[in-house]
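Asks: My questions all concern the structure below.
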Amino acid sequence: MNKDILNTDIQEYIKTNANSVIGYLLLKGTSFSGVDTKTIIEQIEARKRCEFKLSTWFNTSNIYYPNKLNIEQTSSEITAKYKSELLKGYAIIDLTGGFGVDCFYFSKQFEKVTYCEINETLSEIVEHNFRQLKVENIDIIKTDGIAYLIASNRMFDWIYIDPSRRHDTKGKVFFLNDCLPNVPEHLDMLFSHSENIMIKTSPLLDISVGIGELKHVKTIHVVAVNNEVKELLWILDRGFNDTISVETVNIKKETTEFFNFNLNEEKQIESEYSQPLTHLYEPNAAILKAGAFNQISKQLDVNKLHKHSHLYTSNHLLGFPGRAFKIEKVIPYNKKELKSLGIKKANITTRNFPETVQQIRNKFKIRDGGNQYLFFTTELNNQKIVLITTKT
C-alpha cells in the first residue's frame with residue numbers, strides 16, 4: 001500500500017479524471033513524486049468500477065482502491081445489505097474479508113465484527129478505508145481466517161465465509177471442495193466456533209451439488225439483482241436436520257420480488273398444464289436458478305405450457321415474480337405462418353426450443369426491440385409454437 005496515493009493533489013487528480021480516456025492519460029503521464037502514472041491510472045479504473053456497485057466508497061473521500069479484480073470479486077452494496085439483514089447477534093467473524101463490503105454492513109447489525117484476510121496488503125487497504133468510513137467496531141486480523149479459528153478458542157454468533165474457486169478448476173464442475181478455503185473439509189471445526197454459518201457462493205454452483213457437500217443446511221437464499229443471479233447464500237444451523245427451505249429474491253430498482261418454497265415439496269408435486277391462455281408469465285432468474293418449477297404453478301395457480309419450457313399461463317392477470325405478458329396470438333412454428341405476420345422488429349425469447357435467438361433473427365430478418373415480444377417454445381403436446389405477446 002503506497003500511502004503517497006492519499007496525497008491531496010493525487011486524490012484530486014483521480015477524481016478530476018474519473019471519466020477521462022485512459023489511453024490519453026497514459027500517454028500524457030503524470031509528474032507526482034512517489035507514485036507512477038500506471039498506479040494512479042489503476043486507482044482511477046478501480047474507483048470507476050465502484051460508482052454504482054459501491055457508491056458509499058465512491059462518494060467517500062480518501063478511499064484507497066485495490067486492483068480491479070478485488071473490486072470485481074467483492075459483493076455489491078445491494079447484496080451485502082441484503083445478507084447482513086438476515087443475520088443478528090453480538091459477534092460475527094468474516095473468514096474471507098476481501099475488500100470489506102460485507103463486514104461494513106455486518107457492522108450495522110452486530111456489536112463486534114472480526115475481519116480476516118490472508119492478503120496483508122488488502123487488509124491494510126481495508127483498515128484505512130474503514131477509518132474513512134468511520135466504522136469503529138471491526139477488528140482487522142491480517143491472516144488466514146481458517147488458521148486463525150483453528151488457533152483460537154473464541155465463539156461467535158455467526159461465521160461468514162466466501163470461498164473462491166481455485167484457478168486450476170476452471171471449466172470443470174464447480175464443487176465447494178474445489179474452493180479455497182475448503183468449507184466441507186473444515187465444517188466440523190467451524191461448528192465448534194459457532195452454531196450458525198453463512199456461506200456465500202457463486203450462482204455457478206449447482207444447488208444439489210452444494211447440498212450434497214454440506215450438512216445442517218437450513219435455508220438457501222438465491223439472490224438476483226435486476227434479474228441477474230449474483231450469489232447463493234447457504235444458512236447452516238448446527239442443530240438442523242429437517243427439510244431445506246429456499247428463498248428467492250430479485251432486487252429491482254423500484255420493487256423487490258420474493259418467492260419461497262420447501263425443497264422437498266417441490267419434488268413431490270406436479271404442475272398443472274394447459275395450452276396458452278390469456279396471459280403468459282416468465283419467472284425471474286432467481287426462481288429459475290432455484291428450480292421452483294412446480295411450486296410456482298401450485299402457489300400462484302398458474303398452468304405450465306410444458307414440463308421443460310418453464311413458461312406459465314392463466315386467464316386472469318396475476319402479480320407474478322417475473323415478467324408478465326398479454327398473449328395476442330399463438331401460431332404454429334413454420335416459416336409461412338410467421339412471415340405472413342410481417343414482423344420486422346420484436347423482442348425474442350426461446351424456451352425449450354431447438355433454435356437460438358440469433359438463428360431465428362437471421363432466418364426471419366427480425367430486428368431487436370419494439371413493443372412486441374415473441375416467445376418460441378414447445379407446448380404440452382410437444383408442438384413448436386410462437387406466442388406473440390405484449391408486456392403488461
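Quick note on naming: the chains in the C-alpha cells go A, B, ... in the order shown, residues restart at 1 in each chain, and ligands are numbered from 1 in order of appearance.
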List every residue of range 151-206 of chain A that has an atom at most 8 Å from any atom of range 226-240 of chain A, and for each one report the closest atom pair and its distance in Å to one decimal, counting only C-alpha atoms, with rows sorted by chain and then by increasing residue number, as JSON lines.
Replies:
```
{"residue": "A:Phe191", "atom": "CA", "partner": "A:Arg238", "partner_atom": "CA", "distance": 6.5}
{"residue": "A:Glu195", "atom": "CA", "partner": "A:Arg238", "partner_atom": "CA", "distance": 5.0}
{"residue": "A:Asn196", "atom": "CA", "partner": "A:Asp237", "partner_atom": "CA", "distance": 4.9}
{"residue": "A:Ile197", "atom": "CA", "partner": "A:Leu236", "partner_atom": "CA", "distance": 5.0}
{"residue": "A:Met198", "atom": "CA", "partner": "A:Ile235", "partner_atom": "CA", "distance": 4.8}
{"residue": "A:Ile199", "atom": "CA", "partner": "A:Trp234", "partner_atom": "CA", "distance": 5.0}
{"residue": "A:Lys200", "atom": "CA", "partner": "A:Leu233", "partner_atom": "CA", "distance": 4.7}
{"residue": "A:Thr201", "atom": "CA", "partner": "A:Leu232", "partner_atom": "CA", "distance": 5.2}
{"residue": "A:Ser202", "atom": "CA", "partner": "A:Glu231", "partner_atom": "CA", "distance": 5.1}
{"residue": "A:Pro203", "atom": "CA", "partner": "A:Glu231", "partner_atom": "CA", "distance": 5.1}
```
Asks: Write a file of the just-selected residues containing N, CA and C atoms, as a PDB file, in the first residue's frame.
Replies:
```
ATOM      1  N   PHE A 191     -18.159 -25.413  13.070  1.00  0.00           N
ATOM      2  CA  PHE A 191     -19.275 -25.569  14.009  1.00  0.00           C
ATOM      3  C   PHE A 191     -18.813 -25.611  15.469  1.00  0.00           C
ATOM      4  N   GLU A 195     -22.720 -21.868  16.174  1.00  0.00           N
ATOM      5  CA  GLU A 195     -23.844 -22.724  15.781  1.00  0.00           C
ATOM      6  C   GLU A 195     -24.394 -22.335  14.421  1.00  0.00           C
ATOM      7  N   ASN A 196     -24.020 -21.149  13.948  1.00  0.00           N
ATOM      8  CA  ASN A 196     -24.607 -20.602  12.719  1.00  0.00           C
ATOM      9  C   ASN A 196     -23.527 -20.191  11.726  1.00  0.00           C
ATOM     10  N   ILE A 197     -23.683 -20.651  10.487  1.00  0.00           N
ATOM     11  CA  ILE A 197     -22.722 -20.344   9.430  1.00  0.00           C
ATOM     12  C   ILE A 197     -23.472 -19.851   8.196  1.00  0.00           C
ATOM     13  N   MET A 198     -22.978 -18.781   7.609  1.00  0.00           N
ATOM     14  CA  MET A 198     -23.469 -18.353   6.292  1.00  0.00           C
ATOM     15  C   MET A 198     -22.324 -18.502   5.302  1.00  0.00           C
ATOM     16  N   ILE A 199     -22.602 -19.188   4.183  1.00  0.00           N
ATOM     17  CA  ILE A 199     -21.621 -19.372   3.119  1.00  0.00           C
ATOM     18  C   ILE A 199     -22.157 -18.684   1.873  1.00  0.00           C
ATOM     19  N   LYS A 200     -21.338 -17.833   1.285  1.00  0.00           N
ATOM     20  CA  LYS A 200     -21.698 -17.206   0.009  1.00  0.00           C
ATOM     21  C   LYS A 200     -20.992 -17.958  -1.098  1.00  0.00           C
ATOM     22  N   THR A 201     -21.732 -18.345  -2.134  1.00  0.00           N
ATOM     23  CA  THR A 201     -21.109 -18.984  -3.287  1.00  0.00           C
ATOM     24  C   THR A 201     -21.573 -18.312  -4.579  1.00  0.00           C
ATOM     25  N   SER A 202     -20.834 -18.569  -5.610  1.00  0.00           N
ATOM     26  CA  SER A 202     -21.206 -18.114  -6.943  1.00  0.00           C
ATOM     27  C   SER A 202     -22.486 -18.833  -7.380  1.00  0.00           C
ATOM     28  N   PRO A 203     -23.318 -18.176  -8.212  1.00  0.00           N
ATOM     29  CA  PRO A 203     -24.502 -18.853  -8.755  1.00  0.00           C
ATOM     30  C   PRO A 203     -24.165 -20.005  -9.684  1.00  0.00           C
TER      31      PRO A 203
END
```
Asks: Excluding Glu51 in chain A and residues on its chain fewer than 2 positions from it, collect all residues at most 12 Å away from it, counting only C-alpha atoms, and give them as a ChimeraX atom specification.
Replies: /A:15,18-19,44-49,53-60,71,76-77
Asks: Okay, now the selection with N, CA, C and O atoms, as a CSV table (one decimal), in the first residue's frame?
Replies:
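Heads up, here's the output in again17.csv:
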```csv
chain,number,residue,atom,x,y,z
A,15,LYS,N,-10.0,12.1,-8.9
A,15,LYS,CA,-11.5,12.5,-9.0
A,15,LYS,C,-11.7,13.2,-10.3
A,15,LYS,O,-12.7,13.0,-11.0
A,18,ALA,N,-12.0,11.1,-13.5
A,18,ALA,CA,-12.8,9.9,-13.4
A,18,ALA,C,-13.4,9.4,-14.7
A,18,ALA,O,-13.5,8.2,-14.9
A,19,ASN,N,-13.7,10.3,-15.6
A,19,ASN,CA,-14.2,9.9,-16.9
A,19,ASN,C,-13.3,10.2,-18.1
A,19,ASN,O,-13.8,10.2,-19.3
A,44,ILE,N,-7.8,5.1,-10.7
A,44,ILE,CA,-8.9,5.7,-11.4
A,44,ILE,C,-9.9,4.6,-11.9
A,44,ILE,O,-11.1,4.7,-11.8
A,45,GLU,N,-9.3,3.6,-12.5
A,45,GLU,CA,-10.1,2.5,-13.1
A,45,GLU,C,-10.9,1.8,-12.0
A,45,GLU,O,-12.1,1.4,-12.1
A,46,ALA,N,-10.2,1.5,-10.9
A,46,ALA,CA,-10.9,0.7,-9.8
A,46,ALA,C,-12.0,1.6,-9.2
A,46,ALA,O,-13.1,1.1,-8.9
A,47,ARG,N,-11.7,2.9,-9.0
A,47,ARG,CA,-12.8,3.8,-8.4
A,47,ARG,C,-14.0,3.9,-9.3
A,47,ARG,O,-15.1,3.8,-8.9
A,48,LYS,N,-13.7,3.9,-10.6
A,48,LYS,CA,-14.8,4.0,-11.6
A,48,LYS,C,-15.7,2.8,-11.5
A,48,LYS,O,-17.0,2.9,-11.6
A,49,ARG,N,-15.2,1.6,-11.3
A,49,ARG,CA,-16.0,0.4,-11.1
A,49,ARG,C,-16.8,0.4,-9.9
A,49,ARG,O,-17.8,-0.4,-9.8
A,53,LYS,N,-21.7,0.1,-8.1
A,53,LYS,CA,-21.6,-1.1,-7.3
A,53,LYS,C,-21.4,-0.8,-5.8
A,53,LYS,O,-22.0,-1.4,-4.9
A,54,LEU,N,-20.5,0.2,-5.6
A,54,LEU,CA,-20.1,0.5,-4.2
A,54,LEU,C,-20.1,2.1,-4.1
A,54,LEU,O,-19.1,2.7,-3.9
A,55,SER,N,-21.3,2.6,-4.1
A,55,SER,CA,-21.5,4.1,-4.2
A,55,SER,C,-21.0,4.7,-2.9
A,55,SER,O,-20.5,5.9,-2.9
A,56,THR,N,-21.1,4.0,-1.7
A,56,THR,CA,-20.6,4.6,-0.5
A,56,THR,C,-19.1,4.9,-0.5
A,56,THR,O,-18.6,5.9,-0.1
A,57,TRP,N,-18.4,3.9,-1.1
A,57,TRP,CA,-16.9,4.1,-1.2
A,57,TRP,C,-16.6,5.1,-2.2
A,57,TRP,O,-15.8,6.0,-2.0
A,58,PHE,N,-17.3,5.1,-3.4
A,58,PHE,CA,-17.1,6.1,-4.4
A,58,PHE,C,-17.3,7.5,-4.0
A,58,PHE,O,-16.6,8.4,-4.4
A,59,ASN,N,-18.3,7.7,-3.1
A,59,ASN,CA,-18.6,9.0,-2.7
A,59,ASN,C,-17.9,9.5,-1.3
A,59,ASN,O,-18.2,10.5,-0.8
A,60,THR,N,-17.0,8.6,-0.9
A,60,THR,CA,-16.3,9.0,0.4
A,60,THR,C,-14.8,9.4,0.0
A,60,THR,O,-14.2,8.8,-0.9
A,71,ILE,N,-12.2,-5.6,-6.8
A,71,ILE,CA,-13.5,-4.9,-7.0
A,71,ILE,C,-14.5,-5.8,-7.6
A,71,ILE,O,-15.7,-5.9,-7.2
A,76,SER,N,-21.6,-6.5,-4.0
A,76,SER,CA,-22.1,-5.2,-4.2
A,76,SER,C,-22.8,-4.7,-2.9
A,76,SER,O,-23.1,-5.5,-2.0
A,77,GLU,N,-23.0,-3.4,-2.8
A,77,GLU,CA,-23.6,-2.9,-1.6
A,77,GLU,C,-25.1,-3.5,-1.5
A,77,GLU,O,-25.5,-3.8,-0.4
```
Asks: Do you know which residues are at most 8 Å from Ile40 in chain A counting only C-alpha atoms, after dropping those on the same chain fewer than 6 positions away, and could you put them as number ranges by chain?
Replies: A: 5, 10, 14
Asks: Tell me, which residues of range 31-223 of chain A carry DSSP helix (DSSP H, G or I), written as a ChimeraX atom specification?
Replies: /A:37-53,55-58,68-73,77-84,101-106,120-132,145-150,167-169,176-178,183-191,207-213
Asks: Could you produce a table of the residues of range 25-98 of chain A lying within 12 Å of range 216-223 of chain A, with the nearest pair of atoms per residue and their separation in Å rounded to one decimal, using only C-alpha atoms, ordered by chain and increasing residue number, as JSON lines?
Replies:
```
{"residue": "A:Ser75", "atom": "CA", "partner": "A:Val223", "partner_atom": "CA", "distance": 11.5}
{"residue": "A:Ser76", "atom": "CA", "partner": "A:Val223", "partner_atom": "CA", "distance": 11.6}
{"residue": "A:Ile78", "atom": "CA", "partner": "A:Val223", "partner_atom": "CA", "distance": 10.1}
{"residue": "A:Thr79", "atom": "CA", "partner": "A:Val223", "partner_atom": "CA", "distance": 7.4}
{"residue": "A:Ala80", "atom": "CA", "partner": "A:Val223", "partner_atom": "CA", "distance": 10.6}
{"residue": "A:Lys81", "atom": "CA", "partner": "A:Val223", "partner_atom": "CA", "distance": 11.6}
{"residue": "A:Tyr82", "atom": "CA", "partner": "A:Val223", "partner_atom": "CA", "distance": 8.7}
{"residue": "A:Lys83", "atom": "CA", "partner": "A:His221", "partner_atom": "CA", "distance": 9.0}
{"residue": "A:Leu86", "atom": "CA", "partner": "A:His221", "partner_atom": "CA", "distance": 10.0}
```
Asks: Which residue is closest to Phe293 in chain A? Choose from A:Tyr105, A:Phe259, A:Arg323, A:Asn315 and count only C-alpha atoms.
Replies: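 Of A:Tyr105, A:Phe259, A:Arg323, A:Asn315, the one nearest Phe293 in chain A, counting only C-alpha atoms, is A:Phe259.
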Asks: Write out as a ChimeraX atom specification the set of residues from range 78-262 of chain A that DSSP, computed on the backbone, places in strand (DSSP E).
Replies: /A:89-94,110-116,138-141,158-161,164-165,179-180,196-201,217-225,228-237,245-251,256-262
Asks: Please list as a PDB file with N, CA, C and O atoms, in the first residue's frame every residue within 7 Å of Lys252 in chain A, counting only C-alpha atoms and excluding residues in the same chain fewer than 3 positions away.
Replies:
```pdb
ATOM      1  N   VAL A 225     -30.161  -9.496  -8.751  1.00  0.00           N
ATOM      2  CA  VAL A 225     -30.309  -8.044  -8.849  1.00  0.00           C
ATOM      3  C   VAL A 225     -30.643  -7.727 -10.299  1.00  0.00           C
ATOM      4  O   VAL A 225     -29.896  -8.096 -11.209  1.00  0.00           O
ATOM      5  N   ASN A 226     -31.790  -7.091 -10.499  1.00  0.00           N
ATOM      6  CA  ASN A 226     -32.255  -6.769 -11.861  1.00  0.00           C
ATOM      7  C   ASN A 226     -32.243  -7.998 -12.757  1.00  0.00           C
ATOM      8  O   ASN A 226     -31.769  -7.968 -13.899  1.00  0.00           O
ATOM      9  N   THR A 255     -38.856  -2.162  -7.013  1.00  0.00           N
ATOM     10  CA  THR A 255     -39.575  -3.187  -6.259  1.00  0.00           C
ATOM     11  C   THR A 255     -38.660  -4.384  -6.038  1.00  0.00           C
ATOM     12  O   THR A 255     -37.608  -4.496  -6.666  1.00  0.00           O
ATOM     13  N   THR A 256     -39.061  -5.262  -5.134  1.00  0.00           N
ATOM     14  CA  THR A 256     -38.312  -6.490  -4.871  1.00  0.00           C
ATOM     15  C   THR A 256     -39.276  -7.665  -4.910  1.00  0.00           C
ATOM     16  O   THR A 256     -40.343  -7.622  -4.293  1.00  0.00           O
TER      17      THR A 256
END
```
Asks: Considering only C-alpha atoms, state which residue in the set A:Leu214, A:Ile125, A:Ile348, A:Ile207 is at the smallest distance from His186 in chain A.
Replies: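 Closest residue, counting only C-alpha atoms: A:Leu214.
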Asks: How many Å separate CA of Glu265 in chain A from CA of Leu187 in chain A?
Replies: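 CA of Leu187 in chain A lies 27.4 Å from CA of Glu265 in chain A.
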Asks: Set the distance at 7 Å and use only C-alpha atoms: which residues neighbour Gln372 in chain A once local chain neighbours fewer than 6 positions away are removed? I'd like the list as a list in words.
Replies: Ala346, Asn347, Ile388, Thr389 and Thr390 of chain A
Asks: If you keep N, CA and C atoms, can you produce a file of those selected residues as an mmCIF file, in the first residue's frame?
Replies:
```cif
data_model
loop_
_atom_site.group_PDB
_atom_site.id
_atom_site.type_symbol
_atom_site.label_atom_id
_atom_site.label_comp_id
_atom_site.auth_asym_id
_atom_site.auth_seq_id
_atom_site.Cartn_x
_atom_site.Cartn_y
_atom_site.Cartn_z
ATOM 1 N N ALA A 346 -38.885 -7.045 -33.067
ATOM 2 C CA ALA A 346 -39.516 -7.624 -31.885
ATOM 3 C C ALA A 346 -38.448 -8.084 -30.897
ATOM 4 N N ASN A 347 -38.858 -8.257 -29.658
ATOM 5 C CA ASN A 347 -38.019 -8.872 -28.631
ATOM 6 C C ASN A 347 -38.274 -10.374 -28.674
ATOM 7 N N ILE A 388 -47.161 -14.561 -29.718
ATOM 8 C CA ILE A 388 -46.982 -13.136 -29.983
ATOM 9 C C ILE A 388 -47.630 -12.390 -28.821
ATOM 10 N N THR A 389 -46.843 -11.642 -28.081
ATOM 11 C CA THR A 389 -47.341 -11.032 -26.848
ATOM 12 C C THR A 389 -46.944 -9.566 -26.756
ATOM 13 N N THR A 390 -47.583 -8.867 -25.828
ATOM 14 C CA THR A 390 -47.181 -7.524 -25.435
ATOM 15 C C THR A 390 -47.015 -7.511 -23.923
#
```
Asks: Quick one, how far is CA of Asn303 in chain A from CA of Gln358 in chain A?
Replies: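 Here the two named atoms are 28.5 Å from each other.
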Asks: Go through A:Val35, A:Ala290, A:Leu374, A:Ala147 one by one, measure the shortest atom-to-atom distance of each to Asp206 in chain A using only C-alpha atoms, and give the residue with the smallest value.
Replies: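 Of the candidates, the smallest distance to Asp206 in chain A is held by A:Ala290.
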Asks: Write out as a list of chain:residue names the residues lying within 12 Å of Glu328 in chain A, counting only C-alpha atoms and excluding same-chain residues fewer than 3 positions away.
Replies: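 Counting only the stated atoms, we get A:Pro276, A:Leu277, A:Thr278, A:His279, A:Leu280, A:Phe325, A:Ile331, A:Gln372, A:Tyr373, A:Leu374, A:Phe375, A:Val386, A:Leu387, A:Ile388, A:Thr389, A:Thr390, A:Lys391, A:Thr392.
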Asks: Just to be explicit: take each residue in the selection above, keep C-alpha atoms, and write the result as a short mmCIF file (atom, residue, chain, number, x, y, z; two decimals), in the first residue's frame.
Replies:
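Result file follows (selection_28.cif):
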```cif
data_model
loop_
_atom_site.label_atom_id
_atom_site.label_comp_id
_atom_site.auth_asym_id
_atom_site.auth_seq_id
_atom_site.Cartn_x
_atom_site.Cartn_y
_atom_site.Cartn_z
CA PRO A 276 -51.67 -20.91 -23.74
CA LEU A 277 -54.50 -18.91 -22.16
CA THR A 278 -54.83 -15.11 -21.93
CA HIS A 279 -51.61 -14.22 -20.12
CA LEU A 280 -48.05 -15.55 -20.21
CA PHE A 325 -47.39 -10.60 -20.95
CA ILE A 331 -49.26 -19.73 -34.14
CA GLN A 372 -43.88 -6.99 -29.39
CA TYR A 373 -42.42 -9.96 -27.51
CA LEU A 374 -42.14 -13.28 -29.33
CA PHE A 375 -41.74 -16.50 -27.35
CA VAL A 386 -44.73 -18.98 -31.32
CA LEU A 387 -46.54 -16.73 -28.85
CA ILE A 388 -46.98 -13.14 -29.98
CA THR A 389 -47.34 -11.03 -26.85
CA THR A 390 -47.18 -7.52 -25.44
CA LYS A 391 -45.84 -6.65 -22.00
CA THR A 392 -48.38 -5.88 -19.30
#
```
Asks: If you measure from CA of Asn260 in chain A to CA of Thr248 in chain A, what distance in Å do you get, rounded to one decimal?
Replies: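 Rounded to one decimal, the two atoms are 6.0 Å apart.
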Asks: Return the single residue from A:Ser192, A:Ser297, A:Gln359, A:Ser309 that is closest to Thr378 in chain A, with distances computed using only C-alpha atoms.
Replies: A:Ser309
